[in-house]
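Accompanying notes for the structure given below.
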Amino acid sequence: MNAAFPPYQQVIDNVASQAAPMIDPFGRAVSYLRVSVTDRCDFRCTYCMAENMQFLPRKDLLTLEELERVCSVFIDKGVRKIRLTGGEPLVRKNVMVLVRQLGKRIGSGLDELTITTNGSQLARHADELYDCGVRRINVSLDTLDPDKFTKITRWGDLGKVMEGIDCALRAGIHVKLNAVALKDFNDVEIPDLLRFAHSRGMDLTLIETMPMGEIDEDRTNRYLPLSRLRADVEKDFTLTDIGHRTGGPARYVRVEETGGRLGFITPMTHNFCESCNRVRLTCTGTLYMCLGQNDAADLRAALRASPDDGILSAAIDEAIFRKPKGHDFVIDRTGRPAVARHMSVTGG
Ligand code: SAM
Ligand code: SF4
């Protein structure tokens, strides 16, 4: 049987066990929770972090059991998809305990459990991820050049990431590659990244760099609108717009020469907030209702206020009721980030 499709009875049971979705003030159903299980990372990508990062205090972290409890309440309230992210999710100690527990909810409220990873630890976790029910993952890969890879990630090793990707594919996990488009860095490499991804059956998604958190360089020098990049790619490839959606903000084209898909995530040039279905939980239990706004709710206090889930559930309802209409990112010449927190706090 194709592992991507659960058995028929399981689908029926899951539909029966699904709660009605939470609806925000703008009529959008909130069915997707992204969880940053740690804001720490074994890389220091230049567009994401400063080299000398200040991380959230360890004493403020939710335990894995607490993270699972919050996720469970979200599932009971209609969340159907959970993505574990970070920081680097696979560097959190014993994170597979959480993956295994959440995996048990697949088919019992949850449609999909997935992760976004830099791939550095994937080789040793790929088989277990599959065993826990993870069938699709995103791996971030901005370049295929080992020297450039070290330059952009500061601490990363391309060989380990490639090994991780191979292990994930061998385990039967669908891999999508994500690349942040960076002017004068990987803009000339997109055709190679595309050929690499499609030759292995992986989709590739390009992301515009967003002004989040202080970093050691000026983002204006690196920002590249994807419309320009698409025009460049069209010199080598025939791109056909398609309606393919993965429940996220990416818009896809089919690349006729390879038969693979290329996605564009354009938070800067095209606002996609009208179809936003997600909220983001940090590893300290703060819920952000929008990636590009500061509106937040302290779910840790609600969680610890009572062993019963009633207070937590009410705090989630109150937060969803405050979900903002959207973000309004601008990369301006002041060099100041639009949002002070780094992407690693909410996981993108
Ligand atoms: N460490 C994991 C990884 O790199 O895949 C997960 C967390 S990372 C914050 C999630 C995604 O956000 C990655 O694809 C990364 O490239 C992207 N990202 C980080 N900072 C960004 C920024 N300022 N603008 C756009 N994308 C960013
Ligand atoms: Fe780490 Fe991911 Fe940020 Fe790179 S993008 S520093 S891998 S959290």
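Order determines the names: the first chain of the structure tokens is A, the second B, and so forth; residues in each chain are numbered 1 upward, and ligands are numbered 1 upward as they are shown.
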
Quick one: residues within 9 Å of Ser140 (chain A), only C-alpha atoms, excluding same-chain residues fewer than 4 positions away - as a compact mmCIF listing (two decimals) with all heavy atoms, in the first residue's frame?
# COMPACT_ATOMS: atom_id res chain seq x y z
N THR A 116 10.32 20.83 9.84
CA THR A 116 11.23 21.61 9.00
C THR A 116 12.59 21.54 9.67
O THR A 116 12.71 21.84 10.86
CB THR A 116 10.77 23.08 8.90
OG1 THR A 116 9.50 23.12 8.25
CG2 THR A 116 11.75 23.90 8.08
N THR A 117 13.60 21.13 8.93
CA THR A 117 14.91 20.88 9.53
C THR A 117 16.02 21.38 8.62
O THR A 117 15.84 21.48 7.40
CB THR A 117 15.09 19.36 9.79
OG1 THR A 117 16.43 19.11 10.21
CG2 THR A 117 14.80 18.51 8.56
N ASN A 118 17.18 21.66 9.23
CA ASN A 118 18.34 22.01 8.40
C ASN A 118 19.04 20.75 7.90
O ASN A 118 20.01 20.85 7.15
CB ASN A 118 19.30 22.93 9.17
CG ASN A 118 19.94 22.28 10.38
OD1 ASN A 118 20.02 21.06 10.47
ND2 ASN A 118 20.41 23.10 11.31
N GLY A 119 18.60 19.59 8.34
CA GLY A 119 19.12 18.32 7.80
C GLY A 119 20.37 17.80 8.48
O GLY A 119 20.79 16.67 8.22
N LYS A 176 10.84 18.09 0.69
CA LYS A 176 10.77 19.33 -0.10
C LYS A 176 11.95 20.19 0.32
O LYS A 176 12.22 20.31 1.53
CB LYS A 176 9.46 20.07 0.18
CG LYS A 176 9.35 21.39 -0.58
CD LYS A 176 7.93 21.93 -0.55
CE LYS A 176 7.56 22.62 0.74
NZ LYS A 176 8.22 23.93 0.90
N LEU A 177 12.64 20.74 -0.63
CA LEU A 177 13.75 21.64 -0.29
C LEU A 177 13.25 23.08 -0.24
O LEU A 177 12.45 23.50 -1.08
CB LEU A 177 14.86 21.54 -1.34
CG LEU A 177 15.57 20.19 -1.48
CD1 LEU A 177 16.71 20.31 -2.49
CD2 LEU A 177 16.10 19.70 -0.14
N ASN A 178 13.72 23.82 0.75
CA ASN A 178 13.44 25.25 0.86
C ASN A 178 14.73 26.02 0.70
O ASN A 178 15.72 25.69 1.37
CB ASN A 178 12.90 25.60 2.26
CG ASN A 178 11.44 25.22 2.43
OD1 ASN A 178 10.73 25.03 1.46
ND2 ASN A 178 11.02 25.12 3.68
N ALA A 179 14.72 27.03 -0.15
CA ALA A 179 15.91 27.89 -0.29
C ALA A 179 15.50 29.34 -0.14
O ALA A 179 14.54 29.78 -0.78
CB ALA A 179 16.56 27.66 -1.65
N VAL A 180 16.19 30.07 0.72
CA VAL A 180 15.96 31.51 0.82
C VAL A 180 16.73 32.17 -0.33
O VAL A 180 17.92 31.89 -0.52
CB VAL A 180 16.43 32.05 2.19
CG1 VAL A 180 16.28 33.57 2.25
CG2 VAL A 180 15.63 31.41 3.32

9 Å shell around ligand 2 using only C-alpha atoms and all ligand atoms, listed as a PyMOL selection string: chain A and resi 39-50+85-89+116-120+140+152-154+156+180+342-345+347-348

Residues as selected, N, CA and C atoms, written as a compact mmCIF listing (two decimals), in the first residue's frame, can you do that?
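Once everything was written out, this is result-v6.txt:
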# COMPACT_ATOMS: atom_id res chain seq x y z
N ASP A 39 14.66 27.22 20.29
CA ASP A 39 15.13 28.33 19.44
C ASP A 39 16.63 28.19 19.18
N ARG A 40 17.22 27.11 19.74
CA ARG A 40 18.67 26.89 19.53
C ARG A 40 18.93 26.17 18.21
N CYS A 41 20.15 26.26 17.74
CA CYS A 41 20.45 25.68 16.44
C CYS A 41 21.94 25.37 16.35
N ASP A 42 22.28 24.35 15.55
CA ASP A 42 23.68 24.01 15.32
C ASP A 42 24.24 24.74 14.10
N PHE A 43 23.42 25.56 13.43
CA PHE A 43 23.89 26.45 12.36
C PHE A 43 23.71 27.90 12.83
N ARG A 44 24.27 28.80 12.07
CA ARG A 44 24.07 30.23 12.32
C ARG A 44 23.86 30.93 10.96
N CYS A 45 22.79 30.53 10.25
CA CYS A 45 22.58 31.11 8.91
C CYS A 45 22.56 32.63 9.00
N THR A 46 23.28 33.27 8.12
CA THR A 46 23.52 34.71 8.28
C THR A 46 22.24 35.54 8.18
N TYR A 47 21.24 35.06 7.38
CA TYR A 47 19.99 35.82 7.24
C TYR A 47 19.04 35.57 8.40
N CYS A 48 19.35 34.55 9.22
CA CYS A 48 18.44 34.14 10.29
C CYS A 48 18.92 34.60 11.66
N MET A 49 20.23 34.41 11.92
CA MET A 49 20.75 34.66 13.26
C MET A 49 22.03 35.49 13.23
N ALA A 50 22.29 36.17 14.34
CA ALA A 50 23.62 36.75 14.56
C ALA A 50 24.51 35.59 15.02
N THR A 85 9.36 22.66 14.32
CA THR A 85 10.39 23.45 13.71
C THR A 85 11.23 24.07 14.82
N GLY A 86 11.99 25.11 14.49
CA GLY A 86 12.84 25.71 15.52
C GLY A 86 13.32 27.07 15.05
N GLY A 87 14.47 27.38 15.52
CA GLY A 87 15.70 26.69 15.79
C GLY A 87 15.77 25.37 15.01
N GLU A 88 16.67 24.52 15.41
CA GLU A 88 16.74 23.23 14.74
C GLU A 88 16.01 22.19 15.60
N PRO A 89 14.84 21.70 15.14
CA PRO A 89 14.05 20.82 16.01
C PRO A 89 14.80 19.55 16.43
N THR A 116 10.32 20.83 9.84
CA THR A 116 11.23 21.61 9.00
C THR A 116 12.59 21.54 9.67
N THR A 117 13.60 21.13 8.93
CA THR A 117 14.91 20.88 9.53
C THR A 117 16.02 21.38 8.62
N ASN A 118 17.18 21.66 9.23
CA ASN A 118 18.34 22.01 8.40
C ASN A 118 19.04 20.75 7.90
N GLY A 119 18.60 19.59 8.34
CA GLY A 119 19.12 18.32 7.80
C GLY A 119 20.37 17.80 8.48
N SER A 120 20.94 18.58 9.40
CA SER A 120 22.24 18.17 9.97
C SER A 120 22.14 16.87 10.79
N SER A 140 15.94 22.68 4.62
CA SER A 140 16.43 23.96 4.11
C SER A 140 17.79 23.76 3.47
N ILE A 152 27.21 30.61 4.31
CA ILE A 152 25.85 31.07 4.65
C ILE A 152 25.38 30.51 5.99
N THR A 153 25.79 29.27 6.31
CA THR A 153 25.32 28.66 7.58
C THR A 153 26.32 28.89 8.71
N ARG A 154 27.47 29.39 8.40
CA ARG A 154 28.62 29.63 9.29
C ARG A 154 29.16 28.31 9.90
N GLY A 156 27.69 25.05 9.35
CA GLY A 156 27.11 23.84 8.75
C GLY A 156 28.09 23.07 7.87
N VAL A 180 16.19 30.07 0.72
CA VAL A 180 15.96 31.51 0.82
C VAL A 180 16.73 32.17 -0.33
N HIS A 342 13.66 36.78 16.28
CA HIS A 342 14.24 36.07 15.15
C HIS A 342 13.28 34.99 14.67
N MET A 343 13.45 34.59 13.42
CA MET A 343 12.65 33.52 12.82
C MET A 343 12.75 32.24 13.65
N SER A 344 13.90 32.02 14.29
CA SER A 344 14.12 30.79 15.04
C SER A 344 13.22 30.69 16.28
N VAL A 345 12.64 31.82 16.73
CA VAL A 345 11.76 31.77 17.89
C VAL A 345 10.42 31.15 17.50
N GLY A 347 9.95 29.77 14.27
CA GLY A 347 10.17 28.69 13.30
C GLY A 347 9.68 28.99 11.89
N GLY A 348 9.42 30.22 11.58
CA GLY A 348 9.07 30.57 10.19
C GLY A 348 7.64 30.25 9.87

Which neighbours of Asp184 (chain A) fall inside 12 Å, counting only C-alpha atoms, when residues of the same chain fewer than 5 positions from it are skipped, and could you give them as a list in words?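 What passes the distance filter is Lys148, Glu189, Ile190, Thr220, Asn221, Arg222, Tyr223, Leu224 and Leu229 of chain A.
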
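Close contacts of Tyr130 (chain A), defined as residues with an atom at most 10 Å away when counting only C-alpha atoms, with chain neighbours fewer than 5 positions off set aside, comprise Ala3, Gly103, His125, Arg135, Arg136, Ala168, Ala171, Gly172 and Ile173 of chain A.
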
Please produce a file of the residues just selected, as a PDB file, in the first residue's frame, where the atoms kept are N, CA, C and O atoms.
ATOM      1  N   ALA A   3       2.249   4.418   1.255  1.00  0.00           N
ATOM      2  CA  ALA A   3       2.275   4.937   2.622  1.00  0.00           C
ATOM      3  C   ALA A   3       1.686   6.331   2.740  1.00  0.00           C
ATOM      4  O   ALA A   3       1.300   6.771   3.810  1.00  0.00           O
ATOM      5  N   GLY A 103       2.786  11.471  16.906  1.00  0.00           N
ATOM      6  CA  GLY A 103       2.510  10.554  15.791  1.00  0.00           C
ATOM      7  C   GLY A 103       1.309   9.662  16.088  1.00  0.00           C
ATOM      8  O   GLY A 103       0.587   9.253  15.174  1.00  0.00           O
ATOM      9  N   HIS A 125      18.040  10.229  12.343  1.00  0.00           N
ATOM     10  CA  HIS A 125      16.643  10.237  12.788  1.00  0.00           C
ATOM     11  C   HIS A 125      15.642   9.816  11.705  1.00  0.00           C
ATOM     12  O   HIS A 125      14.463   9.631  12.013  1.00  0.00           O
ATOM     13  N   ARG A 135       5.654  11.589   7.098  1.00  0.00           N
ATOM     14  CA  ARG A 135       5.727  11.186   5.687  1.00  0.00           C
ATOM     15  C   ARG A 135       6.251  12.288   4.780  1.00  0.00           C
ATOM     16  O   ARG A 135       6.586  12.045   3.627  1.00  0.00           O
ATOM     17  N   ARG A 136       6.261  13.529   5.278  1.00  0.00           N
ATOM     18  CA  ARG A 136       6.782  14.637   4.467  1.00  0.00           C
ATOM     19  C   ARG A 136       7.595  15.534   5.379  1.00  0.00           C
ATOM     20  O   ARG A 136       7.171  15.830   6.505  1.00  0.00           O
ATOM     21  N   ALA A 168      16.592  10.275   4.428  1.00  0.00           N
ATOM     22  CA  ALA A 168      15.149  10.537   4.503  1.00  0.00           C
ATOM     23  C   ALA A 168      14.451   9.941   3.278  1.00  0.00           C
ATOM     24  O   ALA A 168      13.413   9.281   3.401  1.00  0.00           O
ATOM     25  N   ALA A 171      14.272   6.289   3.529  1.00  0.00           N
ATOM     26  CA  ALA A 171      13.289   5.843   4.541  1.00  0.00           C
ATOM     27  C   ALA A 171      11.863   5.922   4.006  1.00  0.00           C
ATOM     28  O   ALA A 171      10.930   5.436   4.637  1.00  0.00           O
ATOM     29  N   GLY A 172      11.684   6.589   2.848  1.00  0.00           N
ATOM     30  CA  GLY A 172      10.333   6.691   2.277  1.00  0.00           C
ATOM     31  C   GLY A 172       9.642   8.003   2.597  1.00  0.00           C
ATOM     32  O   GLY A 172       8.429   8.135   2.421  1.00  0.00           O
ATOM     33  N   ILE A 173      10.423   8.985   3.075  1.00  0.00           N
ATOM     34  CA  ILE A 173       9.839  10.287   3.414  1.00  0.00           C
ATOM     35  C   ILE A 173       9.942  11.209   2.191  1.00  0.00           C
ATOM     36  O   ILE A 173      10.987  11.263   1.537  1.00  0.00           O
TER      37      ILE A 173
END

Distance query Val97 (chain A) at most 10 Å, only C-alpha atoms, self and fewer than 5 positions along chain excluded, as a PDB file with C-alpha atoms, in the first residue's frame:
ATOM      1  CA  LEU A  64       8.356  17.806  26.116  1.00  0.00           C
ATOM      2  CA  GLU A  65       5.334  16.574  28.093  1.00  0.00           C
ATOM      3  CA  GLU A  68       2.636  17.462  23.888  1.00  0.00           C
ATOM      4  CA  LEU A 102       2.240  13.214  18.481  1.00  0.00           C
ATOM      5  CA  GLY A 103       2.510  10.554  15.791  1.00  0.00           C
ATOM      6  CA  CYS A 132       6.502   7.663  14.007  1.00  0.00           C
TER       7      CYS A 132
END

For a quick check of understanding, using only C-alpha atoms and all ligand atoms, which of A:Glu208, A:Asp203, A:Asp166, A:Glu112 has the smallest distance to ligand 1? A:Glu208

Counting only C-alpha atoms, what is within 9 Å of Ile165 (chain A), bar same-chain residues fewer than 3 positions away, as a list in words? Gly119, Leu122, Ala123, Ala126, Val139, Lys160, Val161, Met162, Ala168, Leu169, Arg170 and Val175 of chain A

Please produce an output containing N, CA and C atoms for each residue in the selection, written as a PDB file, in the first residue's frame.
ATOM      1  N   GLY A 119      18.603  19.588   8.336  1.00  0.00           N
ATOM      2  CA  GLY A 119      19.116  18.324   7.800  1.00  0.00           C
ATOM      3  C   GLY A 119      20.365  17.801   8.484  1.00  0.00           C
ATOM      4  N   LEU A 122      19.588  14.608  10.349  1.00  0.00           N
ATOM      5  CA  LEU A 122      18.552  13.794   9.719  1.00  0.00           C
ATOM      6  C   LEU A 122      18.988  12.350   9.504  1.00  0.00           C
ATOM      7  N   ALA A 123      20.270  12.152   9.222  1.00  0.00           N
ATOM      8  CA  ALA A 123      20.743  10.796   8.916  1.00  0.00           C
ATOM      9  C   ALA A 123      20.403   9.843  10.064  1.00  0.00           C
ATOM     10  N   ALA A 126      16.099   9.702  10.449  1.00  0.00           N
ATOM     11  CA  ALA A 126      15.145   9.535   9.340  1.00  0.00           C
ATOM     12  C   ALA A 126      14.244   8.305   9.522  1.00  0.00           C
ATOM     13  N   VAL A 139      13.403  20.374   4.095  1.00  0.00           N
ATOM     14  CA  VAL A 139      14.816  20.543   4.439  1.00  0.00           C
ATOM     15  C   VAL A 139      15.297  21.848   3.820  1.00  0.00           C
ATOM     16  N   LYS A 160      26.961  16.468   5.491  1.00  0.00           N
ATOM     17  CA  LYS A 160      26.036  15.859   6.466  1.00  0.00           C
ATOM     18  C   LYS A 160      24.590  16.077   6.042  1.00  0.00           C
ATOM     19  N   VAL A 161      24.300  17.256   5.504  1.00  0.00           N
ATOM     20  CA  VAL A 161      22.924  17.552   5.081  1.00  0.00           C
ATOM     21  C   VAL A 161      22.549  16.658   3.900  1.00  0.00           C
ATOM     22  N   MET A 162      23.489  16.505   2.964  1.00  0.00           N
ATOM     23  CA  MET A 162      23.223  15.634   1.792  1.00  0.00           C
ATOM     24  C   MET A 162      22.978  14.193   2.256  1.00  0.00           C
ATOM     25  N   ALA A 168      16.592  10.275   4.428  1.00  0.00           N
ATOM     26  CA  ALA A 168      15.149  10.537   4.503  1.00  0.00           C
ATOM     27  C   ALA A 168      14.451   9.941   3.278  1.00  0.00           C
ATOM     28  N   LEU A 169      15.028  10.161   2.108  1.00  0.00           N
ATOM     29  CA  LEU A 169      14.415   9.625   0.878  1.00  0.00           C
ATOM     30  C   LEU A 169      14.385   8.096   0.934  1.00  0.00           C
ATOM     31  N   ARG A 170      15.495   7.525   1.408  1.00  0.00           N
ATOM     32  CA  ARG A 170      15.569   6.058   1.492  1.00  0.00           C
ATOM     33  C   ARG A 170      14.540   5.515   2.488  1.00  0.00           C
ATOM     34  N   VAL A 175      10.594  14.599   0.582  1.00  0.00           N
ATOM     35  CA  VAL A 175      11.382  15.761   1.015  1.00  0.00           C
ATOM     36  C   VAL A 175      11.097  16.930   0.088  1.00  0.00           C
TER      37      VAL A 175
END

In region 144-348 of chain A, DSSP strand (DSSP E or B) residues written as a PyMOL selection string: chain A and resi 174-181+203-208+212+239-241+251-255+261-265+278-281+286-288+296-298+339

Filtering to N, CA, C and O atoms, could you give me those residues as a short mmCIF file (atom, residue, chain, number, x, y, z; two decimals), in the first residue's frame?
data_model
loop_
_atom_site.label_atom_id
_atom_site.label_comp_id
_atom_site.auth_asym_id
_atom_site.auth_seq_id
_atom_site.Cartn_x
_atom_site.Cartn_y
_atom_site.Cartn_z
N HIS A 174 8.83 11.91 1.88
CA HIS A 174 8.87 12.92 0.81
C HIS A 174 9.61 14.14 1.34
O HIS A 174 9.27 14.67 2.40
N VAL A 175 10.59 14.60 0.58
CA VAL A 175 11.38 15.76 1.01
C VAL A 175 11.10 16.93 0.09
O VAL A 175 11.10 16.77 -1.13
N LYS A 176 10.84 18.09 0.69
CA LYS A 176 10.77 19.33 -0.10
C LYS A 176 11.95 20.19 0.32
O LYS A 176 12.22 20.31 1.53
N LEU A 177 12.64 20.74 -0.63
CA LEU A 177 13.75 21.64 -0.29
C LEU A 177 13.25 23.08 -0.24
O LEU A 177 12.45 23.50 -1.08
N ASN A 178 13.72 23.82 0.75
CA ASN A 178 13.44 25.25 0.86
C ASN A 178 14.73 26.02 0.70
O ASN A 178 15.72 25.69 1.37
N ALA A 179 14.72 27.03 -0.15
CA ALA A 179 15.91 27.89 -0.29
C ALA A 179 15.50 29.34 -0.14
O ALA A 179 14.54 29.78 -0.78
N VAL A 180 16.19 30.07 0.72
CA VAL A 180 15.96 31.51 0.82
C VAL A 180 16.73 32.17 -0.33
O VAL A 180 17.92 31.89 -0.52
N ALA A 181 16.03 32.99 -1.11
CA ALA A 181 16.67 33.63 -2.28
C ALA A 181 17.49 34.82 -1.81
O ALA A 181 16.98 35.72 -1.15
N ASP A 203 10.32 18.49 -4.45
CA ASP A 203 9.93 19.83 -4.86
C ASP A 203 10.96 20.82 -4.32
O ASP A 203 11.68 20.52 -3.35
N LEU A 204 11.00 21.99 -4.93
CA LEU A 204 11.87 23.07 -4.42
C LEU A 204 11.01 24.30 -4.22
O LEU A 204 10.20 24.64 -5.09
N THR A 205 11.14 24.95 -3.05
CA THR A 205 10.42 26.19 -2.81
C THR A 205 11.41 27.31 -2.51
O THR A 205 12.34 27.13 -1.72
N LEU A 206 11.20 28.44 -3.16
CA LEU A 206 12.05 29.61 -2.93
C LEU A 206 11.31 30.56 -1.98
O LEU A 206 10.10 30.72 -2.07
N ILE A 207 12.07 31.19 -1.07
CA ILE A 207 11.47 32.07 -0.06
C ILE A 207 12.15 33.43 -0.12
O ILE A 207 13.38 33.52 -0.20
N GLU A 208 11.34 34.49 -0.04
CA GLU A 208 11.92 35.84 0.06
C GLU A 208 12.42 36.06 1.49
O GLU A 208 11.77 35.64 2.45
N MET A 212 13.31 39.83 10.06
CA MET A 212 12.99 39.38 11.42
C MET A 212 14.26 39.22 12.25
O MET A 212 15.12 38.41 11.93
N LEU A 239 7.80 27.38 -17.27
CA LEU A 239 7.05 27.28 -16.01
C LEU A 239 5.56 27.43 -16.28
O LEU A 239 5.14 28.39 -16.93
N THR A 240 4.78 26.49 -15.77
CA THR A 240 3.33 26.55 -15.95
C THR A 240 2.68 26.67 -14.58
O THR A 240 2.91 25.82 -13.71
N ASP A 241 1.87 27.72 -14.38
CA ASP A 241 1.18 27.88 -13.10
C ASP A 241 0.24 26.71 -12.87
O ASP A 241 -0.48 26.32 -13.78
N ARG A 251 2.99 29.30 -3.76
CA ARG A 251 2.30 29.17 -5.05
C ARG A 251 3.22 28.37 -5.95
O ARG A 251 4.42 28.67 -6.04
N TYR A 252 2.66 27.37 -6.64
CA TYR A 252 3.52 26.44 -7.38
C TYR A 252 3.41 26.58 -8.89
O TYR A 252 2.36 26.94 -9.42
N VAL A 253 4.52 26.26 -9.56
CA VAL A 253 4.51 26.09 -11.01
C VAL A 253 5.06 24.69 -11.30
O VAL A 253 5.81 24.14 -10.49
N ARG A 254 4.67 24.14 -12.46
CA ARG A 254 5.30 22.91 -12.93
C ARG A 254 6.42 23.30 -13.87
O ARG A 254 6.26 24.18 -14.71
N VAL A 255 7.57 22.65 -13.69
CA VAL A 255 8.69 22.89 -14.59
C VAL A 255 8.61 21.83 -15.68
O VAL A 255 8.80 20.64 -15.41
N ARG A 261 7.99 20.28 -9.37
CA ARG A 261 7.30 21.51 -8.95
C ARG A 261 8.28 22.50 -8.34
O ARG A 261 9.21 22.12 -7.61
N LEU A 262 8.02 23.77 -8.61
CA LEU A 262 8.79 24.86 -8.02
C LEU A 262 7.81 25.78 -7.32
O LEU A 262 6.81 26.21 -7.92
N GLY A 263 8.07 26.07 -6.04
CA GLY A 263 7.16 26.92 -5.26
C GLY A 263 7.78 28.28 -4.98
O GLY A 263 9.01 28.42 -4.94
N PHE A 264 6.92 29.26 -4.79
CA PHE A 264 7.37 30.61 -4.46
C PHE A 264 6.65 31.07 -3.20
O PHE A 264 5.41 31.07 -3.18
N ILE A 265 7.40 31.44 -2.17
CA ILE A 265 6.79 32.03 -0.97
C ILE A 265 7.20 33.50 -0.95
O ILE A 265 8.39 33.82 -0.81
N ARG A 278 -2.89 29.35 10.16
CA ARG A 278 -1.93 28.84 11.14
C ARG A 278 -1.67 29.77 12.31
O ARG A 278 -1.87 30.98 12.21
N VAL A 279 -1.19 29.18 13.40
CA VAL A 279 -0.65 29.93 14.54
C VAL A 279 0.65 29.25 14.95
O VAL A 279 0.92 28.12 14.54
N ARG A 280 1.46 29.95 15.75
CA ARG A 280 2.81 29.48 16.05
C ARG A 280 3.08 29.47 17.55
O ARG A 280 2.88 30.49 18.21
N LEU A 281 3.55 28.33 18.03
CA LEU A 281 3.86 28.19 19.46
C LEU A 281 5.38 28.17 19.63
O LEU A 281 6.07 27.43 18.93
N THR A 286 4.73 30.61 24.31
CA THR A 286 4.07 31.82 23.80
C THR A 286 3.44 31.49 22.46
O THR A 286 4.09 30.88 21.60
N LEU A 287 2.19 31.89 22.29
CA LEU A 287 1.52 31.64 21.02
C LEU A 287 1.50 32.93 20.22
O LEU A 287 0.99 33.96 20.69
N TYR A 288 2.09 32.90 19.02
CA TYR A 288 2.02 34.06 18.11
C TYR A 288 0.96 33.76 17.06
O TYR A 288 0.99 32.71 16.42
N ALA A 296 0.45 38.19 20.93
CA ALA A 296 0.84 36.88 21.47
C ALA A 296 -0.01 36.55 22.69
O ALA A 296 -0.67 37.42 23.27
N ALA A 297 0.01 35.28 23.07
CA ALA A 297 -0.70 34.83 24.27
C ALA A 297 0.23 33.92 25.05
O ALA A 297 0.96 33.11 24.47
N ASP A 298 0.22 34.04 26.37
CA ASP A 298 1.08 33.21 27.23
C ASP A 298 0.35 31.92 27.58
O ASP A 298 -0.41 31.88 28.54
N VAL A 339 10.21 43.00 12.69
CA VAL A 339 9.83 42.28 13.90
C VAL A 339 11.12 41.96 14.65
O VAL A 339 12.07 41.45 14.05
#

Tell me, in Å to one decimal, how far CA of Pro57 (chain A) is from CA of Thr38 (chain A).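 These atoms are spaced 10.8 Å apart.
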
Among listed residues A:Ser275, A:Ser108, A:Thr143, A:Ser199, nearest ligand 1 (using only C-alpha atoms and all ligand atoms):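 For ligand 1, the nearest of the given residues is A:Thr143.
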
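Residue nearest ligand 1 within the list A:Ala301, A:Leu33, A:Ile215, A:Leu61: A:Ile215 [criterion: smallest interatomic distance, only C-alpha atoms and all ligand atoms].
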
Who sits within 12 Å of Glu318 (chain A), only C-alpha atoms, same chain under 3 positions skipped, as a list in words: Met22, Ile23, Asp24, Pro25, Leu287, Met289, Asp295, Ala296, Ala297, Asp298, Leu299, Ala302, Ile311, Leu312, Ser313, Ala314, Ala315, Phe321, Arg322 and Lys323 of chain A

Residue selection dump (C-alpha atoms) as a PDB file, in the first residue's frame:
ATOM      1  CA  MET A  22     -11.435  27.246  15.341  1.00  0.00           C
ATOM      2  CA  ILE A  23     -12.514  30.327  13.376  1.00  0.00           C
ATOM      3  CA  ASP A  24     -10.716  33.673  13.713  1.00  0.00           C
ATOM      4  CA  PRO A  25     -12.399  37.119  13.507  1.00  0.00           C
ATOM      5  CA  LEU A 287       1.519  31.636  21.019  1.00  0.00           C
ATOM      6  CA  MET A 289      -1.040  34.490  15.973  1.00  0.00           C
ATOM      7  CA  ASP A 295       0.278  39.833  19.130  1.00  0.00           C
ATOM      8  CA  ALA A 296       0.839  36.882  21.475  1.00  0.00           C
ATOM      9  CA  ALA A 297      -0.697  34.832  24.268  1.00  0.00           C
ATOM     10  CA  ASP A 298       1.078  33.215  27.226  1.00  0.00           C
ATOM     11  CA  LEU A 299      -0.077  29.606  27.089  1.00  0.00           C
ATOM     12  CA  ALA A 302      -2.550  28.849  31.354  1.00  0.00           C
ATOM     13  CA  ILE A 311      -7.984  27.162  31.342  1.00  0.00           C
ATOM     14  CA  LEU A 312      -5.588  26.315  28.519  1.00  0.00           C
ATOM     15  CA  SER A 313      -8.460  25.751  26.105  1.00  0.00           C
ATOM     16  CA  ALA A 314     -10.033  29.101  27.056  1.00  0.00           C
ATOM     17  CA  ALA A 315      -6.658  30.871  26.631  1.00  0.00           C
ATOM     18  CA  PHE A 321     -10.131  35.700  18.686  1.00  0.00           C
ATOM     19  CA  ARG A 322      -7.233  38.197  18.490  1.00  0.00           C
ATOM     20  CA  LYS A 323      -5.552  36.786  15.371  1.00  0.00           C
TER      21      LYS A 323
END

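Distances to Gly285 (chain A) were evaluated for A:Ile242, A:Asp192, A:Thr346, A:Gln121 using only C-alpha atoms, and the minimum falls at A:Thr346.
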
What gap, in Å, lies between atom 1 (N, counted along the ligand's line) of ligand 1 and CA of Asp317 (chain A)? 28.9 Å

Which one of A:Pro211, A:Pro225, A:Gly78, A:Gly201 sits closest to Thr269 (chain A) if you count only C-alpha atoms?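 Answer, going by the shortest atom-to-atom distance: A:Pro225.
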
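Going from CA of Leu141 (chain A) over to CA of Leu62 (chain A), you cover 28.9 Å.
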
Can you work out which one of A:Pro146, A:Pro337, A:Gly27, A:Pro249 has the shortest atom-to-atom distance to ligand 1, counting only C-alpha atoms and all ligand atoms?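 Closest residue, counting only C-alpha atoms and all ligand atoms: A:Pro337.
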